[in-house]
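Engineer: Pasting structure_5.tsv below, which is TSV, C-alpha atoms and all ligand atoms.
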chain	number	residue	atom	x	y	z
A	24	MET	CA	-5.74	-63.53	-57.77
A	25	ASP	CA	-8.77	-61.31	-58.16
A	26	TRP	CA	-9.86	-58.54	-55.78
A	27	GLY	CA	-12.25	-60.76	-53.83
A	28	TRP	CA	-9.54	-63.27	-52.96
A	29	GLN	CA	-7.15	-60.47	-51.98
A	30	ASN	CA	-9.80	-58.74	-49.89
A	31	ARG	CA	-10.56	-61.96	-48.01
A	32	MET	CA	-6.86	-62.59	-47.32
A	33	ALA	CA	-6.34	-58.98	-46.19
A	34	ARG	CA	-9.23	-59.26	-43.74
A	35	MET	CA	-7.85	-62.48	-42.24
A	36	PHE	CA	-4.31	-61.06	-42.03
A	37	PRO	CA	-5.07	-57.44	-41.15
A	38	ALA	CA	-2.74	-54.46	-41.51
A	39	PRO	CA	-0.50	-53.14	-40.18
A	40	THR	CA	1.18	-56.40	-39.14
A	41	GLY	CA	-0.31	-58.68	-41.80
A	42	ARG	CA	-0.44	-61.33	-39.07
A	43	THR	CA	-3.43	-63.08	-37.59
A	44	VAL	CA	-4.85	-64.40	-34.35
A	45	MET	CA	-7.48	-66.91	-35.43
A	46	LEU	CA	-9.68	-68.50	-32.84
A	47	ALA	CA	-10.26	-72.21	-33.53
A	48	VAL	CA	-13.63	-73.58	-32.39
A	49	ASP	CA	-14.05	-76.34	-34.97
A	50	HIS	CA	-13.15	-79.23	-32.65
A	51	GLY	CA	-16.71	-80.52	-32.29
A	52	TYR	CA	-16.69	-81.77	-35.88
A	53	PHE	CA	-14.84	-84.87	-34.70
A	54	MET	CA	-14.60	-84.50	-30.89
A	55	GLY	CA	-18.19	-83.63	-29.99
A	56	PRO	CA	-18.79	-81.31	-27.02
A	57	THR	CA	-15.18	-80.85	-25.96
A	58	HIS	CA	-14.40	-79.36	-22.55
A	59	GLY	CA	-14.68	-75.59	-22.75
A	60	LEU	CA	-16.66	-75.74	-25.98
A	61	GLU	CA	-19.79	-77.51	-24.73
A	62	VAL	CA	-21.97	-74.54	-25.69
A	63	PRO	CA	-20.20	-72.82	-28.58
A	64	ARG	CA	-22.32	-69.68	-28.35
A	65	GLN	CA	-21.20	-69.14	-24.75
A	66	THR	CA	-17.55	-69.84	-25.49
A	67	LEU	CA	-17.58	-67.53	-28.48
A	68	ALA	CA	-19.47	-64.57	-27.01
A	69	PRO	CA	-16.58	-62.89	-25.14
A	70	LEU	CA	-13.92	-63.89	-27.70
A	71	LEU	CA	-15.40	-63.28	-31.15
A	72	GLY	CA	-14.72	-59.55	-31.20
A	73	LEU	CA	-11.14	-60.01	-30.03
A	74	CYS	CA	-9.82	-62.33	-32.74
A	75	ASP	CA	-8.85	-61.56	-36.34
A	76	ALA	CA	-10.79	-64.57	-37.66
A	77	VAL	CA	-12.76	-67.48	-36.31
A	78	ALA	CA	-12.38	-71.07	-37.57
A	79	LEU	CA	-15.48	-73.26	-37.31
A	80	THR	CA	-17.98	-75.45	-39.12
A	81	ARG	CA	-21.20	-74.33	-40.75
A	82	GLY	CA	-23.21	-75.91	-37.93
A	83	VAL	CA	-21.59	-73.73	-35.29
A	84	LEU	CA	-21.62	-70.70	-37.57
A	85	ARG	CA	-25.35	-70.93	-38.21
A	86	THR	CA	-26.30	-71.66	-34.60
A	87	SER	CA	-23.77	-69.77	-32.53
A	88	VAL	CA	-22.46	-66.69	-34.34
A	89	PRO	CA	-24.60	-63.57	-34.74
A	90	PRO	CA	-24.99	-62.66	-38.44
A	91	SER	CA	-24.06	-59.10	-37.46
A	92	THR	CA	-20.47	-60.16	-36.72
A	93	THR	CA	-17.67	-58.43	-38.61
A	94	THR	CA	-15.11	-61.10	-37.70
A	95	PRO	CA	-13.88	-62.99	-40.79
A	96	VAL	CA	-14.90	-66.64	-40.87
A	97	VAL	CA	-12.67	-69.56	-41.87
A	98	LEU	CA	-15.06	-72.40	-42.62
A	99	ARG	CA	-14.00	-76.00	-42.10
A	100	VAL	CA	-15.36	-77.97	-45.05
A	101	SER	CA	-13.90	-81.42	-44.33
A	102	GLY	CA	-15.11	-84.13	-41.98
A	103	GLY	CA	-16.52	-87.61	-41.88
A	104	ALA	CA	-14.58	-89.20	-38.99
A	105	SER	CA	-14.88	-89.08	-35.21
A	106	VAL	CA	-12.67	-89.53	-32.20
A	107	VAL	CA	-14.46	-92.79	-31.36
A	108	GLY	CA	-14.29	-94.14	-34.93
A	109	ALA	CA	-11.69	-96.36	-36.53
A	110	ASP	CA	-9.60	-93.82	-38.42
A	111	LEU	CA	-9.48	-90.04	-38.02
A	112	SER	CA	-7.83	-89.65	-41.41
A	113	HIS	CA	-10.90	-90.96	-43.22
A	114	GLU	CA	-12.25	-87.52	-44.12
A	115	ALA	CA	-13.85	-86.06	-47.23
A	116	LEU	CA	-15.21	-82.71	-48.29
A	117	THR	CA	-18.53	-82.32	-46.48
A	118	THR	CA	-19.48	-78.70	-47.19
A	119	SER	CA	-19.73	-77.21	-50.67
A	120	VAL	CA	-18.05	-74.06	-51.89
A	121	GLU	CA	-21.52	-72.88	-52.84
A	122	ASP	CA	-22.56	-73.07	-49.18
A	123	ALA	CA	-19.35	-71.33	-48.13
A	124	LEU	CA	-20.20	-68.44	-50.45
A	125	ARG	CA	-23.78	-68.37	-49.20
A	126	LEU	CA	-22.34	-68.06	-45.67
A	127	ASN	CA	-20.13	-65.18	-46.82
A	128	VAL	CA	-16.96	-66.71	-45.37
A	129	SER	CA	-13.43	-65.41	-45.86
A	130	ALA	CA	-11.78	-68.79	-46.43
A	131	VAL	CA	-12.39	-72.51	-46.42
A	132	ALA	CA	-10.24	-75.03	-44.57
A	133	MET	CA	-9.68	-78.77	-44.68
A	134	SER	CA	-7.34	-81.30	-43.14
A	135	VAL	CA	-4.74	-83.29	-45.04
A	136	PHE	CA	-3.36	-86.46	-43.48
A	137	VAL	CA	0.10	-86.93	-44.97
A	138	GLY	CA	1.48	-90.38	-44.25
A	139	SER	CA	-1.87	-91.82	-43.22
A	140	ALA	CA	-4.06	-94.52	-44.74
A	141	HIS	CA	-6.10	-91.80	-46.45
A	142	GLU	CA	-3.26	-89.55	-47.55
A	143	HIS	CA	-4.18	-89.86	-51.22
A	144	GLU	CA	-7.84	-88.89	-50.83
A	145	SER	CA	-7.10	-85.94	-48.58
A	146	LEU	CA	-4.49	-84.51	-50.96
A	147	VAL	CA	-6.67	-84.98	-54.03
A	148	ASN	CA	-9.53	-83.34	-52.14
A	149	LEU	CA	-7.29	-80.39	-51.27
A	150	GLY	CA	-6.39	-79.93	-54.93
A	151	ALA	CA	-10.08	-80.07	-55.87
A	152	LEU	CA	-10.99	-77.55	-53.18
A	153	VAL	CA	-8.29	-75.16	-54.42
A	154	ASN	CA	-9.70	-75.49	-57.95
A	155	GLN	CA	-13.18	-74.65	-56.71
A	156	GLY	CA	-12.01	-71.91	-54.32
A	157	GLU	CA	-9.88	-70.09	-56.86
A	158	ALA	CA	-12.76	-70.07	-59.34
A	159	VAL	CA	-14.78	-67.93	-56.94
A	160	GLY	CA	-12.07	-66.01	-55.06
A	161	LEU	CA	-12.10	-68.08	-51.86
A	162	PRO	CA	-8.75	-68.66	-50.13
A	163	VAL	CA	-8.10	-72.24	-48.99
A	164	MET	CA	-6.31	-73.21	-45.79
A	165	GLY	CA	-4.73	-76.67	-45.67
A	166	ILE	CA	-4.39	-78.17	-42.19
A	167	THR	CA	-1.63	-80.71	-41.59
A	168	ALA	CA	-3.54	-83.04	-39.31
A	169	VAL	CA	-1.95	-85.91	-37.39
A	170	GLY	CA	-5.03	-87.49	-35.83
A	171	LYS	CA	-4.09	-89.15	-32.55
A	172	GLU	CA	-0.42	-89.44	-33.53
A	173	LEU	CA	0.74	-86.27	-31.79
A	174	ASP	CA	4.35	-87.57	-31.68
A	175	LYS	CA	4.53	-87.13	-35.44
A	176	ARG	CA	4.92	-83.39	-34.96
A	177	ASP	CA	8.64	-82.99	-35.66
A	178	ALA	CA	10.27	-80.66	-38.16
A	179	ARG	CA	10.82	-83.36	-40.75
A	180	TYR	CA	7.17	-84.39	-40.83
A	181	LEU	CA	5.75	-80.88	-40.53
A	182	SER	CA	8.01	-79.59	-43.34
A	183	LEU	CA	6.93	-82.45	-45.57
A	184	ALA	CA	3.21	-82.07	-44.87
A	185	SER	CA	3.20	-78.25	-45.04
A	186	ARG	CA	5.11	-78.17	-48.31
A	187	ILE	CA	2.86	-80.78	-49.87
A	188	ALA	CA	-0.25	-78.80	-48.87
A	189	ALA	CA	1.23	-75.64	-50.38
A	190	GLU	CA	2.21	-77.48	-53.57
A	191	GLN	CA	-1.39	-78.60	-53.96
A	192	GLY	CA	-2.26	-74.90	-53.97
A	193	ALA	CA	-3.28	-74.17	-50.36
A	194	HIS	CA	-3.04	-70.40	-49.86
A	195	VAL	CA	-2.43	-70.73	-46.11
A	196	VAL	CA	-1.13	-73.73	-44.18
A	197	LYS	CA	-2.05	-74.47	-40.60
A	198	THR	CA	0.46	-76.70	-38.89
A	199	TYR	CA	1.98	-77.33	-35.49
A	200	TYR	CA	4.97	-75.69	-33.86
A	201	CYS	CA	7.99	-77.87	-33.06
A	202	GLU	CA	10.88	-76.88	-30.84
A	203	ASP	CA	13.66	-78.12	-33.08
A	204	GLY	CA	13.72	-76.75	-36.60
A	205	PHE	CA	10.42	-74.89	-36.86
A	206	SER	CA	12.09	-72.14	-38.92
A	207	ARG	CA	12.88	-74.84	-41.50
A	208	VAL	CA	9.20	-75.71	-41.64
A	209	VAL	CA	8.37	-72.05	-42.36
A	210	GLU	CA	11.18	-71.61	-44.90
A	211	GLY	CA	10.15	-74.69	-46.83
A	212	CYS	CA	6.54	-73.58	-47.13
A	213	PRO	CA	5.99	-70.88	-49.78
A	214	VAL	CA	2.67	-69.67	-48.33
A	215	PRO	CA	1.84	-68.18	-44.90
A	216	ILE	CA	1.89	-70.58	-41.97
A	217	VAL	CA	-0.38	-70.28	-38.94
A	218	VAL	CA	0.23	-72.41	-35.88
A	219	ALA	CA	-2.29	-74.58	-34.04
A	220	GLY	CA	-1.97	-74.84	-30.29
A	221	GLY	CA	-2.74	-78.50	-29.74
A	222	PRO	CA	-3.98	-79.95	-26.44
A	223	ARG	CA	-3.87	-77.62	-23.44
A	224	LEU	CA	-0.34	-76.94	-22.25
A	225	GLU	CA	0.58	-77.07	-18.57
A	226	THR	CA	1.24	-73.39	-17.98
A	227	ASP	CA	0.33	-69.98	-19.40
A	228	ARG	CA	4.02	-69.37	-19.93
A	229	ALA	CA	4.28	-72.44	-22.15
A	230	VAL	CA	1.41	-71.17	-24.31
A	231	LEU	CA	2.93	-67.71	-24.70
A	232	GLU	CA	6.37	-69.19	-25.39
A	233	LEU	CA	4.89	-71.32	-28.15
A	234	VAL	CA	3.27	-68.26	-29.73
A	235	HIS	CA	6.41	-66.15	-29.39
A	236	ALA	CA	8.68	-68.83	-30.81
A	237	SER	CA	6.31	-69.43	-33.72
A	238	ILE	CA	6.15	-65.75	-34.68
A	239	SER	CA	9.91	-65.32	-34.20
A	240	ALA	CA	10.50	-68.22	-36.60
A	241	GLY	CA	8.34	-66.59	-39.27
A	242	ALA	CA	4.81	-67.90	-38.72
A	243	ARG	CA	2.20	-65.37	-39.86
A	244	GLY	CA	0.00	-66.04	-36.85
A	245	VAL	CA	-1.81	-68.64	-34.85
A	246	ASP	CA	-5.07	-70.54	-35.14
A	247	MET	CA	-5.54	-71.67	-31.55
A	248	GLY	CA	-8.40	-73.13	-29.59
A	249	ARG	CA	-7.96	-75.21	-26.45
A	250	ASN	CA	-5.15	-73.14	-24.98
A	251	ILE	CA	-7.48	-70.16	-25.13
A	252	TRP	CA	-10.95	-71.41	-24.26
A	253	GLN	CA	-9.84	-74.13	-21.84
A	254	SER	CA	-7.81	-71.49	-20.00
A	255	ASP	CA	-9.14	-70.18	-16.68
A	256	HIS	CA	-9.13	-66.72	-18.23
A	257	PRO	CA	-9.81	-67.00	-21.99
A	258	VAL	CA	-10.22	-63.28	-22.69
A	259	SER	CA	-6.97	-62.35	-20.97
A	260	MET	CA	-5.17	-65.22	-22.68
A	261	LEU	CA	-6.43	-64.14	-26.10
A	262	LYS	CA	-5.32	-60.58	-25.42
A	263	ALA	CA	-1.90	-61.77	-24.26
A	264	ILE	CA	-1.49	-63.81	-27.46
A	265	ARG	CA	-2.52	-60.76	-29.50
A	266	SER	CA	0.14	-58.66	-27.76
A	267	ILE	CA	2.82	-61.05	-28.99
A	268	VAL	CA	1.46	-61.50	-32.51
A	269	HIS	CA	0.57	-57.87	-33.22
A	270	GLU	CA	2.71	-55.80	-30.85
A	271	ASP	CA	5.87	-57.90	-30.73
A	272	CYS	CA	5.65	-58.15	-26.94
A	273	THR	CA	8.07	-60.47	-25.18
A	274	VAL	CA	6.82	-63.51	-23.29
A	275	LYS	CA	7.63	-61.70	-20.04
A	276	GLU	CA	5.55	-58.66	-21.02
A	277	ALA	CA	2.61	-60.76	-22.19
A	278	LEU	CA	2.77	-62.91	-19.07
A	279	GLN	CA	2.84	-59.87	-16.81
A	280	ALA	CA	-0.25	-58.39	-18.50
A	281	LEU	CA	-1.97	-61.75	-18.21
A	282	GLU	CA	-1.15	-62.04	-14.49
A	283	GLU	CA	-2.40	-58.52	-13.80
A	284	ALA	CA	-5.67	-59.21	-15.60
A	285	ARG	CA	-6.06	-62.53	-13.83
A	286	LEU	CA	-5.50	-61.06	-10.37
A	287	ALA	CA	-7.72	-58.01	-10.86
A	288	PRO	CA	-10.87	-58.73	-8.82
A	289	THR	CA	-13.09	-56.94	-11.35
A	290	ALA	CA	-11.74	-58.91	-14.29
A	291	ARG	CA	-12.71	-62.43	-13.26
A	292	GLU	CA	-13.97	-64.29	-16.26
A	293	PRO	CA	-16.91	-66.66	-16.28
A	294	ARG	CA	-16.03	-70.21	-17.28
A	295	ALA	CA	-17.92	-72.05	-19.96
A	296	ASP	CA	-20.34	-74.67	-18.61
A	297	ALA	CA	-18.58	-77.66	-17.10
A	298	SER	CA	-19.16	-81.03	-18.72
A	299	PRO	CA	-18.04	-84.59	-18.05
A	300	VAL	CA	-16.84	-84.84	-21.67
A	301	ARG	CA	-13.17	-83.87	-21.85
A	302	ALA	CA	-10.75	-83.96	-24.76
B	1	LIG	C1	-8.85	-79.52	-34.98
B	1	LIG	O1	-9.86	-79.72	-34.36
B	1	LIG	C2	-8.64	-78.26	-35.61
B	1	LIG	O2	-7.86	-78.22	-36.73
B	1	LIG	C3	-8.25	-77.19	-34.63
B	1	LIG	O3	-8.71	-76.01	-35.20
B	1	LIG	C4	-6.75	-77.06	-34.39
B	1	LIG	O4	-6.23	-78.21	-33.82
B	1	LIG	C5	-6.46	-75.84	-33.53
B	1	LIG	O5	-7.01	-75.94	-32.26
B	1	LIG	P1	-6.08	-76.26	-31.00
B	1	LIG	O6	-5.27	-75.03	-30.76
B	1	LIG	O7	-7.04	-76.53	-29.89
B	1	LIG	O8	-5.23	-77.43	-31.36
Represent the structure contained in this file as structure tokens.
Structural biologist:
Amino acid sequence: MDWGWQNRMARMFPAPTGRTVMLAVDHGYFMGPTHGLEVPRQTLAPLLGLCDAVALTRGVLRTSVPPSTTTPVVLRVSGGASVVGADLSHEALTTSVEDALRLNVSAVAMSVFVGSAHEHESLVNLGALVNQGEAVGLPVMGITAVGKELDKRDARYLSLASRIAAEQGAHVVKTYYCEDGFSRVVEGCPVPIVVAGGPRLETDRAVLELVHASISAGARGVDMGRNIWQSDHPVSMLKAIRSIVHEDCTVKEALQALEEARLAPTAREPRADASPVRA
């Protein structure tokens, strides 16, 4: 790949670790104003400078991210379905590579729905996006989406979907962690894997264990949203995740730092606006 592609990848996976902590705030593209992300500008303000990249849509980028930011942007370019519609897998490419370049992003991202009614379209669209991205030096991240079928997330399915996305040419694959056999998912995928967090977990420990287990199994980072910005202390949670990804901290160490930050009276963090809409 040419220098531009390499530069974009190096910015998303910065030295010295070559790992990444991406902040995912793209949920509104099918969920609307999800709890914790009702006002993206407010959610992003304290977090943008602390992540290695931010994953969002062009609507949130243009309205809620200062153009002066130096944080690399991973632009979601697929959509076309909603959480109240008939089929979440019925997506297409909705944002052009030309617009992605105009927005000066570091990568584009789209979901693939392996095993769904629209498997074929999503995989063909991924191949087309890779063709267009490689022509202009834009890395492409394939996201192995499961829609509402969260139970699908076992090693067999995630290996299959991740490998298929990589075979279509995705340069990075975002998938889920699974307790049994996640290292097989990583081994079977010839490009870097980053792990999504999924719906909010019950405890901080569970979040940090997921991150630690993912990195230990060979993931090159995380691309997490709800478990950060739905947390009672998003900044401290993001920092704790960073300590595992970039400093090889144990869960115990990260949890201790998180507890200290949480209990410090001066470090209380403002919550995003409350809203009756919850995801
Ligand atoms: C779906 O909306 C996106 O792909 C999210 O970016 C992805 O699910 C990661 O966010 P979370 O950690 O909240 O699952």
Engineer: Which one of A:Leu278, A:Ala168, A:Leu149, A:Ala109 sits closest to Thr226 in chain A if you count all atoms listed in the file?
Structural biologist: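 Of A:Leu278, A:Ala168, A:Leu149, A:Ala109, the one nearest Thr226 in chain A is A:Leu278, counting all atoms listed in the file.
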Engineer: Looking at all atoms listed in the file, which of A:Leu84, A:Leu261, A:Leu281, A:Leu146 is the one that sits closest to Leu70 in chain A?
Structural biologist: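 Counting all atoms listed in the file, the residue closest to Leu70 in chain A is A:Leu261.
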Engineer: Using all atoms listed in the file, which residues sit within 8 Å of Leu60 in chain A once same-chain residues fewer than 4 positions away are excluded, as a list in words?
Structural biologist: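 Skipping anything fewer than 4 positions along the chain leaves Val48, Gly51, Pro56, Thr66, Trp252 and Ala295 of chain A.
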Engineer: Generate a file of the selected residues that holds C-alpha atoms, formatted as a PDB file, in the frame of the given file.
Structural biologist:
ATOM      1  CA  VAL A  48     -13.630 -73.580 -32.390  1.00  0.00           C
ATOM      2  CA  GLY A  51     -16.710 -80.520 -32.290  1.00  0.00           C
ATOM      3  CA  PRO A  56     -18.790 -81.310 -27.020  1.00  0.00           C
ATOM      4  CA  THR A  66     -17.550 -69.840 -25.490  1.00  0.00           C
ATOM      5  CA  TRP A 252     -10.950 -71.410 -24.260  1.00  0.00           C
ATOM      6  CA  ALA A 295     -17.920 -72.050 -19.960  1.00  0.00           C
TER       7      ALA A 295
END
Engineer: Distance limit 8 Å, reference ligand LIG 1 (chain B), atoms considered: all atoms listed in the file. Which residues make the cut? Give them as a list in words.
Structural biologist: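 Selection of residues at most 8 Å from ligand LIG 1 (chain B): Leu46, Ala47, Val48, Asp49, His50, Gly51, Tyr52, Phe53, Met54, Ala78, Leu79, Ser134, Ile166, Ala168, Lys197, Val218, Ala219, Gly220, Gly221, Pro222, Arg223, Asp246, Met247, Gly248, Arg249, Asn250 and Ile251 of chain A.
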Engineer: Extending 4 Å beyond the listed atoms of range 80-97 of chain A on each side, what axis-aligned box results? I want centre and edge lengths in Å to one decimal, as JSON.
Structural biologist:
{"center_x": -19.5, "center_y": -67.2, "center_z": -37.2, "size_x": 21.6, "size_y": 25.5, "size_z": 17.3}
Engineer: CA of Leu71 in chain A and CA of Val169 in chain A are how many Å apart?
Structural biologist: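 Atom-to-atom, CA of Leu71 in chain A to CA of Val169 in chain A, that is 27.1 Å.
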Engineer: Out of A:Gly72, A:Gly138, A:Gly192, A:Gly244, which residue has the shortest atom-to-atom distance to Gly150 in chain A when counting all atoms listed in the file?
Structural biologist: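 Going through A:Gly72, A:Gly138, A:Gly192, A:Gly244 one by one, the smallest distance to Gly150 in chain A is for A:Gly192.
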Engineer: I want to know what sits within 7 Å of range 200-215 of chain A, based on all atoms listed in the file, with residues of the same chain fewer than 4 positions away left out; could you give that as a list in words?
Structural biologist: Arg176, Asp177, Ala178, Leu181, Ser182, Ser185, Arg186, Ala189, His194, Val195, Val196, Ser237, Ala240, Gly241, Ala242 and Arg243 of chain A
Engineer: Could the residues in this selection be saved with C-alpha atoms as a PDB file, in the frame of the given file?
Structural biologist:
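part-v9.pdb was written with the following content:
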ATOM      1  CA  ARG A 176       4.920 -83.390 -34.960  1.00  0.00           C
ATOM      2  CA  ASP A 177       8.640 -82.990 -35.660  1.00  0.00           C
ATOM      3  CA  ALA A 178      10.270 -80.660 -38.160  1.00  0.00           C
ATOM      4  CA  LEU A 181       5.750 -80.880 -40.530  1.00  0.00           C
ATOM      5  CA  SER A 182       8.010 -79.590 -43.340  1.00  0.00           C
ATOM      6  CA  SER A 185       3.200 -78.250 -45.040  1.00  0.00           C
ATOM      7  CA  ARG A 186       5.110 -78.170 -48.310  1.00  0.00           C
ATOM      8  CA  ALA A 189       1.230 -75.640 -50.380  1.00  0.00           C
ATOM      9  CA  HIS A 194      -3.040 -70.400 -49.860  1.00  0.00           C
ATOM     10  CA  VAL A 195      -2.430 -70.730 -46.110  1.00  0.00           C
ATOM     11  CA  VAL A 196      -1.130 -73.730 -44.180  1.00  0.00           C
ATOM     12  CA  SER A 237       6.310 -69.430 -33.720  1.00  0.00           C
ATOM     13  CA  ALA A 240      10.500 -68.220 -36.600  1.00  0.00           C
ATOM     14  CA  GLY A 241       8.340 -66.590 -39.270  1.00  0.00           C
ATOM     15  CA  ALA A 242       4.810 -67.900 -38.720  1.00  0.00           C
ATOM     16  CA  ARG A 243       2.200 -65.370 -39.860  1.00  0.00           C
TER      17      ARG A 243
END
Engineer: Can you pull out the residues contacting Thr80 in chain A? Cut-off 7 Å, using all atoms listed in the file, and skip same-chain residues under 2 positions away; I want them as a PyMOL selection string.
Structural biologist: chain A and resi 49+82-84+98-100
Engineer: Using the structure just given, write a file holding C-alpha atoms for range 176-224 of chain A, as a compact mmCIF listing (two decimals), in the first residue's frame.
Structural biologist:
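Ended up saving to result_2.txt:
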# COMPACT_ATOMS: atom_id res chain seq x y z
CA ARG A 176 -21.53 -14.18 19.07
CA ASP A 177 -19.68 -17.47 19.53
CA ALA A 178 -16.23 -18.38 18.25
CA ARG A 179 -17.53 -20.37 15.31
CA TYR A 180 -19.66 -17.52 13.98
CA LEU A 181 -17.16 -14.76 14.76
CA SER A 182 -14.31 -16.71 13.09
CA LEU A 183 -16.43 -17.24 10.01
CA ALA A 184 -17.59 -13.63 9.74
CA SER A 185 -14.19 -12.09 10.54
CA ARG A 186 -12.37 -14.28 8.05
CA ILE A 187 -14.89 -13.56 5.33
CA ALA A 188 -14.55 -9.80 5.91
CA ALA A 189 -10.76 -10.07 5.70
CA GLU A 190 -10.96 -12.20 2.55
CA GLN A 191 -13.04 -9.47 0.92
CA GLY A 192 -10.09 -7.18 1.61
CA ALA A 193 -11.01 -5.41 4.86
CA HIS A 194 -7.80 -4.01 6.35
CA VAL A 195 -9.15 -4.12 9.91
CA VAL A 196 -11.99 -6.22 11.30
CA LYS A 197 -14.16 -5.14 14.19
CA THR A 198 -15.84 -8.04 15.89
CA TYR A 199 -17.03 -9.15 19.30
CA TYR A 200 -15.13 -10.92 22.05
CA CYS A 201 -16.29 -14.40 23.07
CA GLU A 202 -15.19 -16.26 26.17
CA ASP A 203 -14.57 -19.61 24.54
CA GLY A 204 -12.16 -19.65 21.63
CA PHE A 205 -11.56 -15.96 20.95
CA SER A 206 -7.89 -16.65 20.19
CA ARG A 207 -9.11 -18.87 17.33
CA VAL A 208 -11.07 -15.93 15.97
CA VAL A 209 -7.90 -13.80 16.01
CA GLU A 210 -5.70 -16.54 14.53
CA GLY A 211 -8.10 -17.16 11.67
CA CYS A 212 -8.25 -13.51 10.69
CA PRO A 213 -5.17 -12.32 8.77
CA VAL A 214 -5.72 -8.62 9.51
CA PRO A 215 -5.86 -6.74 12.84
CA ILE A 216 -8.95 -7.31 14.97
CA VAL A 217 -10.48 -4.68 17.23
CA VAL A 218 -13.18 -5.62 19.71
CA ALA A 219 -16.57 -3.96 20.18
CA GLY A 220 -17.95 -3.77 23.68
CA GLY A 221 -21.61 -4.49 23.05
CA PRO A 222 -24.42 -3.46 25.42
CA ARG A 223 -23.36 -2.15 28.82
CA LEU A 224 -21.96 -4.86 31.06
